[in-house]
>>> print(open('protein-v9.cif').read())   # mmCIF, C-alpha atoms (C1' of nucleotides)
data_my_file
#
loop_
_atom_site.label_atom_id
_atom_site.label_comp_id
_atom_site.auth_asym_id
_atom_site.auth_seq_id
_atom_site.Cartn_x
_atom_site.Cartn_y
_atom_site.Cartn_z
CA MET A 19 88.29 117.76 84.09
CA SER A 20 84.52 117.53 84.02
CA HIS A 21 84.35 117.92 87.75
CA VAL A 22 81.38 119.26 89.66
CA GLY A 23 80.89 122.92 89.09
CA TYR A 24 80.01 123.85 92.65
CA PRO A 25 82.28 126.13 94.59
CA CYS A 26 83.65 123.13 96.42
CA LEU A 27 85.04 124.23 99.74
CA MET A 28 87.66 121.87 101.05
CA ALA A 29 85.63 121.21 104.17
CA LEU A 30 82.85 119.69 102.10
CA ASP A 31 85.20 117.68 99.94
CA ARG A 32 86.98 116.36 102.97
CA ASP A 33 83.88 114.66 104.26
CA HIS A 34 83.10 113.19 100.87
CA VAL A 35 86.65 111.85 100.57
CA LEU A 36 86.40 110.38 104.05
CA ARG A 37 83.16 108.58 103.23
CA SER A 38 84.56 107.20 99.99
CA ALA A 39 87.70 106.02 101.73
CA ALA A 40 85.63 104.34 104.42
CA ALA A 41 83.54 102.54 101.82
CA LEU A 42 86.60 101.36 99.93
CA LEU A 43 88.74 100.36 102.90
CA THR A 44 85.79 98.43 104.28
CA ARG A 45 85.99 96.15 101.29
CA LYS A 46 89.77 96.23 100.82
CA SER A 47 91.65 97.27 103.92
CA THR A 48 94.99 97.32 102.05
CA ALA A 49 93.88 99.73 99.35
CA THR A 50 96.54 102.10 98.03
CA MET A 51 96.42 105.86 98.41
CA ASP A 52 96.03 105.85 94.64
CA GLU A 53 92.98 103.61 94.88
CA VAL A 54 91.52 105.72 97.67
CA ALA A 55 91.96 108.82 95.55
CA LYS A 56 90.36 107.20 92.51
CA ALA A 57 87.47 105.94 94.61
CA ALA A 58 86.86 109.49 95.79
CA GLY A 59 87.10 110.82 92.24
CA ILE A 60 90.11 113.00 92.97
CA SER A 61 93.82 112.79 92.20
CA ARG A 62 96.46 111.53 94.57
CA ALA A 63 97.87 115.04 94.86
CA THR A 64 94.56 116.42 96.07
CA LEU A 65 94.16 113.52 98.47
CA HIS A 66 97.50 114.47 99.97
CA ARG A 67 96.33 118.05 100.29
CA HIS A 68 93.48 116.82 102.49
CA PHE A 69 95.41 114.22 104.51
CA ALA A 70 99.13 114.46 105.05
CA GLY A 71 99.58 110.71 104.58
CA ARG A 72 98.09 107.30 105.08
CA ASP A 73 98.39 107.55 108.83
CA ALA A 74 96.54 110.83 108.88
CA LEU A 75 93.79 109.36 106.72
CA VAL A 76 93.36 106.34 108.97
CA ARG A 77 93.34 108.54 112.05
CA ALA A 78 90.68 110.71 110.46
CA LEU A 79 88.66 107.59 109.69
CA GLU A 80 89.11 106.53 113.28
CA ALA A 81 87.73 109.86 114.46
CA LEU A 82 84.82 109.47 112.05
CA GLY A 83 84.08 105.96 113.27
CA ILE A 84 84.18 107.07 116.87
CA ALA A 85 81.92 110.01 116.13
CA GLU A 86 79.40 107.80 114.33
CA CYS A 87 79.50 105.31 117.19
CA ASP A 88 78.91 108.07 119.68
CA ALA A 89 76.04 109.42 117.62
CA ALA A 90 74.51 105.96 117.32
CA LEU A 91 74.87 105.50 121.05
CA ASP A 92 73.17 108.83 121.65
CA ARG A 93 70.26 107.95 119.36
CA ALA A 94 69.90 104.57 121.02
CA ARG A 95 69.24 106.18 124.42
CA PRO A 96 71.22 103.57 126.39
CA GLU A 97 69.88 104.73 129.75
CA GLU A 98 66.27 104.31 128.77
CA GLY A 99 64.01 101.33 129.31
CA ALA A 100 65.15 97.73 129.39
CA ALA A 101 68.87 97.24 128.76
CA ALA A 102 68.13 94.52 126.21
CA ASP A 103 65.98 96.90 124.20
CA ALA A 104 68.72 99.52 124.39
CA VAL A 105 71.16 96.99 122.93
CA ARG A 106 68.72 96.28 120.12
CA ARG A 107 68.32 99.98 119.41
CA LEU A 108 72.08 100.43 119.45
CA LEU A 109 72.59 97.72 116.85
CA ARG A 110 69.94 99.20 114.60
CA GLU A 111 71.55 102.63 114.83
CA ILE A 112 75.09 101.38 114.40
CA GLN A 113 74.49 99.27 111.30
CA PRO A 114 75.34 102.03 108.77
CA ALA A 115 78.74 102.39 110.42
CA ALA A 116 79.35 98.66 110.76
CA GLY A 117 81.64 98.42 107.74
CA LEU A 118 83.83 101.26 108.94
CA LEU A 119 83.85 99.75 112.42
CA ALA A 120 84.96 96.40 111.06
CA PHE A 121 87.83 98.05 109.22
CA LEU A 122 88.95 99.94 112.30
CA TYR A 123 88.55 96.84 114.46
CA GLY A 124 90.94 94.93 112.22
CA GLU A 125 93.26 97.92 112.02
CA ASN A 126 93.54 98.13 115.77
CA GLN A 127 94.78 94.56 116.00
CA LEU A 128 98.03 95.43 114.23
CA TRP A 129 98.84 98.47 116.30
CA GLU A 130 100.56 96.31 118.86
CA GLY A 131 100.65 97.99 122.21
CA GLU A 132 100.72 101.51 120.80
CA ARG A 133 98.45 104.06 122.31
CA GLN A 134 95.07 104.37 120.69
CA HIS A 135 92.57 107.14 120.25
CA ASP A 136 91.05 108.17 123.57
CA GLY A 137 87.62 107.92 122.00
CA TRP A 138 87.69 104.14 122.07
CA GLN A 139 88.09 104.09 125.81
CA ARG A 140 85.13 106.40 126.17
CA LEU A 141 83.05 104.22 123.87
CA ASP A 142 84.11 101.11 125.75
CA ALA A 143 83.02 102.80 128.94
CA ARG A 144 79.64 103.82 127.55
CA ILE A 145 78.86 100.38 126.18
CA GLY A 146 80.27 98.67 129.24
CA ALA A 147 78.01 100.84 131.38
CA LEU A 148 75.00 99.67 129.40
CA PHE A 149 75.82 96.03 130.07
CA GLN A 150 76.53 96.82 133.72
CA ARG A 151 73.18 98.52 134.03
CA GLY A 152 71.54 95.41 132.65
CA GLN A 153 73.36 93.29 135.18
CA GLN A 154 72.43 95.51 138.12
CA ALA A 155 68.82 95.47 137.01
CA GLY A 156 68.90 91.67 137.15
CA GLU A 157 68.28 91.58 133.43
CA PHE A 158 71.69 90.26 132.32
CA ARG A 159 73.63 87.41 133.84
CA ILE A 160 76.58 88.40 135.98
CA ASP A 161 79.00 85.61 135.10
CA LEU A 162 79.94 87.40 131.86
CA THR A 163 81.91 90.57 132.51
CA PRO A 164 80.88 93.85 130.86
CA VAL A 165 84.37 94.00 129.34
CA TRP A 166 83.88 90.68 127.58
CA LEU A 167 80.35 91.57 126.50
CA THR A 168 81.66 94.80 124.99
CA GLU A 169 84.46 92.97 123.24
CA ALA A 170 82.03 90.38 121.95
CA LEU A 171 79.73 93.12 120.67
CA TYR A 172 82.56 94.62 118.60
CA GLY A 173 83.56 91.20 117.32
CA LEU A 174 80.03 90.30 116.30
CA ILE A 175 79.55 93.63 114.56
CA ALA A 176 82.73 93.01 112.56
CA SER A 177 81.72 89.43 111.79
CA GLY A 178 78.28 90.57 110.74
CA ALA A 179 79.67 93.32 108.53
CA TRP A 180 82.08 90.96 106.76
CA ALA A 181 79.50 88.22 106.38
CA THR A 182 77.16 90.80 104.90
CA LEU A 183 79.79 92.10 102.47
CA ASP A 184 80.54 88.57 101.32
CA GLY A 185 76.84 87.93 100.85
CA ARG A 186 76.78 85.10 103.36
CA VAL A 187 73.98 86.77 105.29
CA ALA A 188 71.35 89.33 104.34
CA ALA A 189 71.95 92.95 105.30
CA ARG A 190 68.39 93.35 106.55
CA ASP A 191 68.96 90.69 109.19
CA PHE A 192 72.08 92.37 110.53
CA PRO A 193 70.69 94.05 113.65
CA THR A 194 68.45 91.22 114.82
CA MET A 195 71.00 88.53 114.03
CA ILE A 196 73.56 90.12 116.30
CA ALA A 197 71.15 91.23 118.98
CA GLU A 198 69.43 87.86 119.21
CA LEU A 199 72.71 85.99 119.44
CA LEU A 200 74.33 88.39 121.87
CA LEU A 201 71.29 88.63 124.12
CA GLY A 202 69.63 85.25 123.86
CA GLY A 203 72.32 82.90 122.61
CA ALA A 204 71.84 79.82 120.51
CA LEU A 205 69.92 77.77 123.04
CA ARG A 206 66.16 77.62 122.92
CA ARG A 207 64.29 79.21 125.77
CA GLU A 208 62.22 76.55 127.45
CA GLU A 209 59.98 78.92 129.36
CA SER A 210 58.51 80.73 126.38
CA MET B 5 126.35 79.17 115.71
CA SER B 6 125.43 77.44 118.94
CA HIS B 7 122.53 75.73 117.30
CA VAL B 8 121.03 72.47 118.41
CA GLY B 9 123.31 69.56 117.76
CA TYR B 10 120.70 67.15 116.55
CA PRO B 11 120.76 65.97 112.97
CA CYS B 12 117.99 68.38 112.20
CA LEU B 13 116.06 67.12 109.22
CA MET B 14 114.28 69.85 107.39
CA ALA B 15 110.93 68.25 108.11
CA LEU B 16 111.42 68.72 111.83
CA ASP B 17 112.68 72.28 111.48
CA ARG B 18 109.80 73.15 109.23
CA ASP B 19 107.27 72.44 111.91
CA HIS B 20 109.24 74.42 114.48
CA VAL B 21 109.48 77.37 112.12
CA LEU B 22 105.77 77.15 111.44
CA ARG B 23 104.91 77.21 115.14
CA SER B 24 107.21 80.16 115.77
CA ALA B 25 105.76 82.06 112.86
CA ALA B 26 102.24 81.37 114.10
CA ALA B 27 103.11 82.63 117.56
CA LEU B 28 104.68 85.79 116.19
CA LEU B 29 102.11 86.62 113.54
CA THR B 30 99.38 86.13 116.13
CA ARG B 31 100.80 89.10 118.02
CA LYS B 32 101.96 91.13 115.01
CA SER B 33 100.23 90.16 111.80
CA THR B 34 102.47 92.49 109.76
CA ALA B 35 105.74 90.99 110.93
CA THR B 36 108.57 90.97 108.40
CA MET B 37 110.13 87.83 106.98
CA ASP B 38 113.22 88.98 108.85
CA GLU B 39 111.30 89.07 112.12
CA VAL B 40 109.74 85.70 111.44
CA ALA B 41 113.19 84.25 110.83
CA LYS B 42 114.62 85.78 113.98
CA ALA B 43 111.65 84.54 116.01
CA ALA B 44 112.35 81.03 114.76
CA GLY B 45 116.05 81.38 115.52
CA ILE B 46 117.12 80.94 111.89
CA SER B 47 118.37 83.25 109.18
CA ARG B 48 116.23 84.77 106.49
CA ALA B 49 118.03 82.65 103.90
CA THR B 50 117.08 79.43 105.67
CA LEU B 51 113.51 80.66 106.08
CA HIS B 52 113.36 81.10 102.32
CA ARG B 53 114.68 77.58 101.86
CA HIS B 54 111.69 76.28 103.81
CA PHE B 55 109.04 78.58 102.32
CA ALA B 56 109.41 80.12 98.90
CA GLY B 57 107.99 83.45 100.05
CA ARG B 58 105.56 85.17 102.34
CA ASP B 59 102.60 83.78 100.46
CA ALA B 60 103.88 80.27 100.80
CA LEU B 61 104.41 80.79 104.51
CA VAL B 62 100.91 82.12 105.05
CA ARG B 63 99.43 79.30 103.01
CA ALA B 64 101.36 76.80 105.10
CA LEU B 65 100.04 78.49 108.24
CA GLU B 66 96.58 78.26 106.76
CA ALA B 67 97.01 74.54 106.25
CA LEU B 68 98.28 74.22 109.81
CA GLY B 69 95.32 76.16 111.20
CA ILE B 70 92.89 74.06 109.24
CA ALA B 71 94.57 70.87 110.39
CA GLU B 72 94.46 71.96 114.03
CA CYS B 73 90.84 72.93 113.66
CA ASP B 74 90.02 69.59 112.15
CA ALA B 75 91.89 67.81 114.92
CA ALA B 76 90.09 69.86 117.58
CA LEU B 77 86.80 69.06 115.91
CA ASP B 78 87.65 65.35 115.92
CA ARG B 79 88.58 65.41 119.58
CA ALA B 80 85.40 67.29 120.44
CA ARG B 81 83.24 64.45 119.03
CA PRO B 82 80.64 66.80 117.52
CA GLU B 83 78.13 64.01 116.86
CA GLU B 84 78.08 62.85 120.42
CA GLY B 85 75.68 63.86 123.18
CA ALA B 86 74.00 67.24 123.47
CA ALA B 87 74.99 69.71 120.80
CA ALA B 88 75.61 72.38 123.43
CA ASP B 89 78.09 70.14 125.19
CA ALA B 90 79.79 69.43 121.87
CA VAL B 91 80.19 73.16 121.32
CA ARG B 92 81.73 73.50 124.78
CA ARG B 93 84.13 70.64 124.06
CA LEU B 94 85.04 72.17 120.74
CA LEU B 95 85.93 75.50 122.33
CA ARG B 96 88.09 73.79 124.93
CA GLU B 97 89.93 71.85 122.25
CA ILE B 98 90.32 74.77 119.91
CA GLN B 99 91.74 77.23 122.42
CA PRO B 100 95.43 76.40 121.75
CA ALA B 101 94.89 77.26 118.11
CA ALA B 102 92.82 80.38 118.80
CA GLY B 103 95.68 82.81 118.19
CA LEU B 104 96.52 81.26 114.85
CA LEU B 105 92.85 81.22 113.94
CA ALA B 106 92.49 84.89 114.78
CA PHE B 107 95.44 85.72 112.52
CA LEU B 108 94.02 83.70 109.67
CA TYR B 109 90.56 85.16 110.21
CA GLY B 110 91.94 88.67 109.82
CA GLU B 111 94.07 87.58 106.88
CA ASN B 112 91.06 86.21 105.02
CA GLN B 113 89.31 89.57 105.16
CA LEU B 114 91.87 91.18 102.85
CA TRP B 115 91.83 88.47 100.22
CA GLU B 116 88.95 90.11 98.49
CA GLY B 117 87.00 87.64 96.45
CA GLU B 118 89.97 85.40 95.72
CA ARG B 119 89.55 81.72 96.09
CA GLN B 120 90.42 80.31 99.48
CA HIS B 121 91.70 77.05 100.77
CA ASP B 122 89.14 74.29 100.35
CA GLY B 123 89.66 73.30 103.96
CA TRP B 124 87.69 76.28 105.21
CA GLN B 125 84.59 75.16 103.36
CA ARG B 126 84.90 71.72 104.89
CA LEU B 127 85.33 73.21 108.36
CA ASP B 128 82.37 75.51 107.82
CA ALA B 129 80.33 72.48 106.83
CA ARG B 130 81.39 70.46 109.87
CA ILE B 131 80.65 73.26 112.32
CA GLY B 132 77.48 74.22 110.52
CA ALA B 133 76.35 70.59 110.76
CA LEU B 134 76.86 70.70 114.51
CA PHE B 135 74.58 73.71 114.84
CA GLN B 136 72.07 72.15 112.50
CA ARG B 137 72.03 68.99 114.58
CA GLY B 138 71.30 71.10 117.64
CA GLN B 139 68.43 72.77 115.83
CA GLN B 140 66.94 69.53 114.61
CA ALA B 141 67.16 68.11 118.11
CA GLY B 142 65.13 71.07 119.35
CA GLU B 143 68.09 72.16 121.43
CA PHE B 144 68.99 75.32 119.49
CA ARG B 145 66.63 78.01 118.26
CA ILE B 146 65.89 77.94 114.57
CA ASP B 147 65.69 81.68 113.88
CA LEU B 148 69.48 81.95 113.76
CA THR B 149 70.92 80.22 110.70
CA PRO B 150 73.77 77.71 111.06
CA VAL B 151 75.80 79.91 108.70
CA TRP B 152 75.49 82.90 111.00
CA LEU B 153 76.19 80.79 114.10
CA THR B 154 79.34 79.46 112.45
CA GLU B 155 80.42 82.96 111.47
CA ALA B 156 79.73 84.21 114.96
CA LEU B 157 81.75 81.35 116.43
CA TYR B 158 84.78 82.35 114.36
CA GLY B 159 84.32 86.00 115.27
CA LEU B 160 84.05 85.29 118.96
CA ILE B 161 87.11 83.06 118.87
CA ALA B 162 89.09 85.87 117.24
CA SER B 163 87.72 88.44 119.68
CA GLY B 164 88.53 86.17 122.59
CA ALA B 165 92.04 85.53 121.34
CA TRP B 166 92.78 89.23 120.89
CA ALA B 167 91.23 90.22 124.20
CA THR B 168 93.34 87.51 125.83
CA LEU B 169 96.54 88.70 124.16
CA ASP B 170 95.88 92.26 125.27
CA GLY B 171 95.24 91.06 128.78
CA ARG B 172 91.68 92.34 128.83
CA VAL B 173 90.36 88.91 129.80
CA ALA B 174 91.97 85.91 131.47
CA ALA B 175 93.11 83.06 129.27
CA ARG B 176 91.59 80.46 131.61
CA ASP B 177 88.13 81.91 131.01
CA PHE B 178 88.43 81.71 127.23
CA PRO B 179 86.39 78.55 126.54
CA THR B 180 83.58 79.21 128.97
CA MET B 181 83.35 82.90 128.10
CA ILE B 182 82.73 82.15 124.46
CA ALA B 183 80.59 79.09 125.01
CA GLU B 184 78.36 80.75 127.56
CA LEU B 185 77.83 83.82 125.39
CA LEU B 186 77.31 81.88 122.18
CA LEU B 187 74.97 79.35 123.74
CA GLY B 188 73.18 81.24 126.46
CA GLY B 189 73.54 84.90 125.53
CA ALA B 190 73.66 87.81 127.90
CA LEU B 191 70.11 87.52 129.22
CA ARG B 192 69.43 85.77 132.49
CA ARG B 193 67.47 82.56 132.34
CA GLU B 194 64.30 82.99 134.31
CA GLU B 195 63.45 79.33 134.60
CA SER B 196 66.58 78.22 136.41
"C1'" DC C 1 90.13 140.97 81.56
"C1'" DT C 2 93.16 139.33 85.09
"C1'" DA C 3 94.84 137.40 89.26
"C1'" DT C 4 94.02 133.89 92.46
"C1'" DT C 5 93.07 129.37 93.68
"C1'" DG C 6 92.29 124.52 93.60
"C1'" DT C 7 93.14 120.81 90.79
"C1'" DG C 8 95.05 116.84 87.72
"C1'" DA C 9 98.86 114.79 85.74
"C1'" DG C 10 103.10 113.28 86.08
"C1'" DA C 11 108.10 113.16 87.27
"C1'" DC C 12 111.16 112.13 90.96
"C1'" DA C 13 113.53 110.44 95.08
"C1'" DT C 14 112.88 107.60 99.13
"C1'" DT C 15 111.80 103.93 101.85
"C1'" DG C 16 110.89 99.22 103.27
"C1'" DA C 17 110.10 94.57 102.20
"C1'" DT C 18 111.12 90.98 99.23
"C1'" DG C 19 113.53 87.55 96.48
"C1'" DT C 20 118.01 85.87 94.74
"C1'" DC C 21 122.62 85.19 94.88
"C1'" DT C 22 127.40 84.12 96.62
"C1'" DC C 23 130.61 82.70 99.96
"C1'" DA C 24 132.63 81.19 104.26
"C1'" DT C 25 131.77 78.19 108.11
"C1'" DG C 26 130.85 74.19 110.75
"C1'" DT C 27 129.13 69.66 111.25
"C1'" DG C 28 128.35 64.96 110.37
"C1'" DG C 29 128.93 60.78 107.56
"C1'" DG C 30 131.75 57.80 104.88
"C1'" DC D 16 140.75 62.56 106.66
"C1'" DC D 17 137.70 64.41 103.29
"C1'" DC D 18 133.36 65.33 101.18
"C1'" DA D 19 128.62 66.72 101.12
"C1'" DC D 20 125.32 69.60 102.97
"C1'" DA D 21 122.73 72.81 105.61
"C1'" DT D 22 123.38 77.07 107.45
"C1'" DG D 23 124.38 82.21 108.52
"C1'" DA D 24 125.77 86.49 106.92
"C1'" DG D 25 125.52 89.69 103.74
"C1'" DA D 26 125.47 91.91 99.10
"C1'" DC D 27 122.44 92.98 95.44
"C1'" DA D 28 118.57 93.98 92.38
"C1'" DT D 29 113.64 94.53 92.36
"C1'" DC D 30 109.26 96.22 93.36
"C1'" DA D 31 105.50 98.69 95.34
"C1'" DA D 32 103.87 102.37 97.99
"C1'" DT D 33 104.74 106.69 99.65
"C1'" DG D 34 105.77 111.57 99.92
"C1'" DT D 35 107.29 115.73 97.45
"C1'" DC D 36 107.67 118.55 93.73
"C1'" DT D 37 106.60 121.14 89.39
"C1'" DC D 38 103.66 122.67 85.84
"C1'" DA D 39 99.69 123.46 83.04
"C1'" DC D 40 94.73 124.06 83.14
"C1'" DA D 41 90.13 125.53 84.49
"C1'" DA D 42 87.07 128.14 87.23
"C1'" DT D 43 86.06 131.81 89.94
"C1'" DA D 44 86.27 136.39 92.12
"C1'" DG D 45 87.45 141.04 91.68
#
>>> encode(input="protein-v9.cif", output="structure tokens")
Amino acid sequence: MSHVGYPCLMALDRDHVLRSAAALLTRKSTATMDEVAKAAGISRATLHRHFAGRDALVRALEALGIAECDAALDRARPEEGAAADAVRRLLREIQPAAGLLAFLYGENQLWEGERQHDGWQRLDARIGALFQRGQQAGEFRIDLTPVWLTEALYGLIASGAWATLDGRVAARDFPTMIAELLLGGALRREES
Amino acid sequence: MSHVGYPCLMALDRDHVLRSAAALLTRKSTATMDEVAKAAGISRATLHRHFAGRDALVRALEALGIAECDAALDRARPEEGAAADAVRRLLREIQPAAGLLAFLYGENQLWEGERQHDGWQRLDARIGALFQRGQQAGEFRIDLTPVWLTEALYGLIASGAWATLDGRVAARDFPTMIAELLLGGALRREES
DNA sequence: CTATTGTGAGACATTGATGTCTCATGTGGG
DNA sequence: CCCACATGAGACATCAATGTCTCACAATAG
């Protein structure tokens, strides 16, 4: 095959395969292992050499999504400045991973009850802490729990990612759309 | 079998089966036809006599979800009074169908590109019109498009339904949680 | 040059869900 | 009493995806 001539170490390929799979499964969450392999430009046999099976692939994608979320959270500096600005920064940083997040969000819904990757709990805690900080600073209202705000953030990211993929909204509006709705809501501010 | 002794017409059974399937698929969207049949208290053969196949069942559930949405929208009187209050009424009325809606919302994501039930477009239009009315009345901000607000409403309903099923939030808070976030956002109002 | 290694292609068995069929049963209506 | 009909149970073929295997080929290192 006219494949790349580099001395491809498996570690490098693995990341490329993971990215391709993420991009494909974002658009079609039921894609076959065959389709995943084709999308990555490799054969199904090689795909199986990287990931023992579909489960292993999804779990690797989960780890990738969690890592990207963590990295985005780090870059957003959630402890710094106004909580609202931190949320805006977080959404800007997390946009590139939004498609993968949306896929994993939908995937988690059908793992009824089963235990999930510990990373999600840690992420929930980090994001929940951001909302709690905003509440304690008197910046956010206290009648909406941090748990619900975190849940709503995930849901809006998934909705935004899907609406973007379908072309119903523009990708460039993604971060502000979500941040403005989540923070300010639909009602006009009278005091401005 | 110790089945009900009524002269069960198929039309009556059909609705019962549909409700059971909705309740089950809400919790486990990948449930087997066998599981759906068992959940409805009938055999797989009888299930197939009601619905030609899985596709037919899902399409019937889609029609049911759309009908319930339409009914909820009617009961909410979206043209009446403040748009914000109409949104609150809508969320109260739509809560019983939230689980079904969440299932259908997730199901729609994996029908890449394919044509969808016309009913969704009509619902989108009705809900979008409500947001537009709020904007024209100066009640809602105009920098968030009605399309995005509609999308966000669906997403938050699904998020709320899943968070409720998992026990992360209380079912009684469902309508206010979503309405308060969607309308008012997380930020405190300074003018109150 | 030669051995090693990763790869693609494809065959193969397996599994799980699905759709179709038959047959016995039980019930209600005529 | 008898017939029609819906049902439940189960057998059966089908189909798609998966996982495993072998083998030939190309590239690279020694």
>>> residues_around(input="protein-v9.cif", residues="DC12 (chain C)", least_positions_apart="6", cutoff="12 Å", atoms="all atoms listed in the file", output="NGL selection string")
:D and (34-37)
>>> residues_around(input="protein-v9.cif", residues="Ala190 (chain B)", least_positions_apart="3", cutoff="12 Å", atoms="all atoms listed in the file", output="compact mmCIF listing (two decimals) with C-alpha atoms, keeping the file's coordinate frame")
# COMPACT_ATOMS: atom_id res chain seq x y z
CA ALA A 101 68.87 97.24 128.76
CA ALA A 102 68.13 94.52 126.21
CA VAL A 105 71.16 96.99 122.93
CA PHE A 149 75.82 96.03 130.07
CA GLN A 150 76.53 96.82 133.72
CA GLY A 152 71.54 95.41 132.65
CA GLN A 153 73.36 93.29 135.18
CA GLY A 156 68.90 91.67 137.15
CA GLU A 157 68.28 91.58 133.43
CA PHE A 158 71.69 90.26 132.32
CA ARG A 159 73.63 87.41 133.84
CA ILE A 160 76.58 88.40 135.98
CA ASP A 161 79.00 85.61 135.10
CA LEU A 162 79.94 87.40 131.86
CA THR A 163 81.91 90.57 132.51
CA PRO A 164 80.88 93.85 130.86
CA TRP A 166 83.88 90.68 127.58
CA LEU A 167 80.35 91.57 126.50
CA THR A 168 81.66 94.80 124.99
CA ALA A 170 82.03 90.38 121.95
CA LEU A 171 79.73 93.12 120.67
CA ILE A 196 73.56 90.12 116.30
CA ALA A 197 71.15 91.23 118.98
CA GLU A 198 69.43 87.86 119.21
CA LEU A 199 72.71 85.99 119.44
CA LEU A 200 74.33 88.39 121.87
CA LEU A 201 71.29 88.63 124.12
CA GLY A 202 69.63 85.25 123.86
CA GLY A 203 72.32 82.90 122.61
CA ALA A 204 71.84 79.82 120.51
CA LEU A 205 69.92 77.77 123.04
CA MET B 181 83.35 82.90 128.10
CA ILE B 182 82.73 82.15 124.46
CA ALA B 183 80.59 79.09 125.01
CA GLU B 184 78.36 80.75 127.56
CA LEU B 185 77.83 83.82 125.39
CA LEU B 186 77.31 81.88 122.18
CA LEU B 187 74.97 79.35 123.74
CA ARG B 193 67.47 82.56 132.34
>>> atom_distance(input="protein-v9.cif", atom1="CA of Val165 (chain A)", atom2="CA of Glu86 (chain A)")
21.0 Å
>>> residues_around(input="protein-v9.cif", residues="DC23 (chain C)", least_positions_apart="2", cutoff="12 Å", atoms="only C-alpha atoms (C1' of nucleotides)", output="count of residues only")
7
>>> closest_residue(input="protein-v9.cif", among="B:Gln113, B:Val173, B:Gln120, B:Arg137", to="Lys46 (chain A)", atoms="all atoms listed in the file")
B:Gln113
>>> closest_residue(input="protein-v9.cif", among="B:Arg31, B:His121, B:His20, B:His54", to="chain D", atoms="all atoms listed in the file")
B:His54
>>> residues_around(input="protein-v9.cif", residues="Leu75 (chain A)", least_positions_apart="5", cutoff="8 Å", atoms="all atoms listed in the file", output="PyMOL selection string")
chain A and resi 36+69-70
>>> residues_around(input="protein-v9.cif", residues="DC17 (chain D)", least_positions_apart="4", cutoff="12 Å", atoms="only C-alpha atoms (C1' of nucleotides)", output="ChimeraX atom specification")
/C:28-30
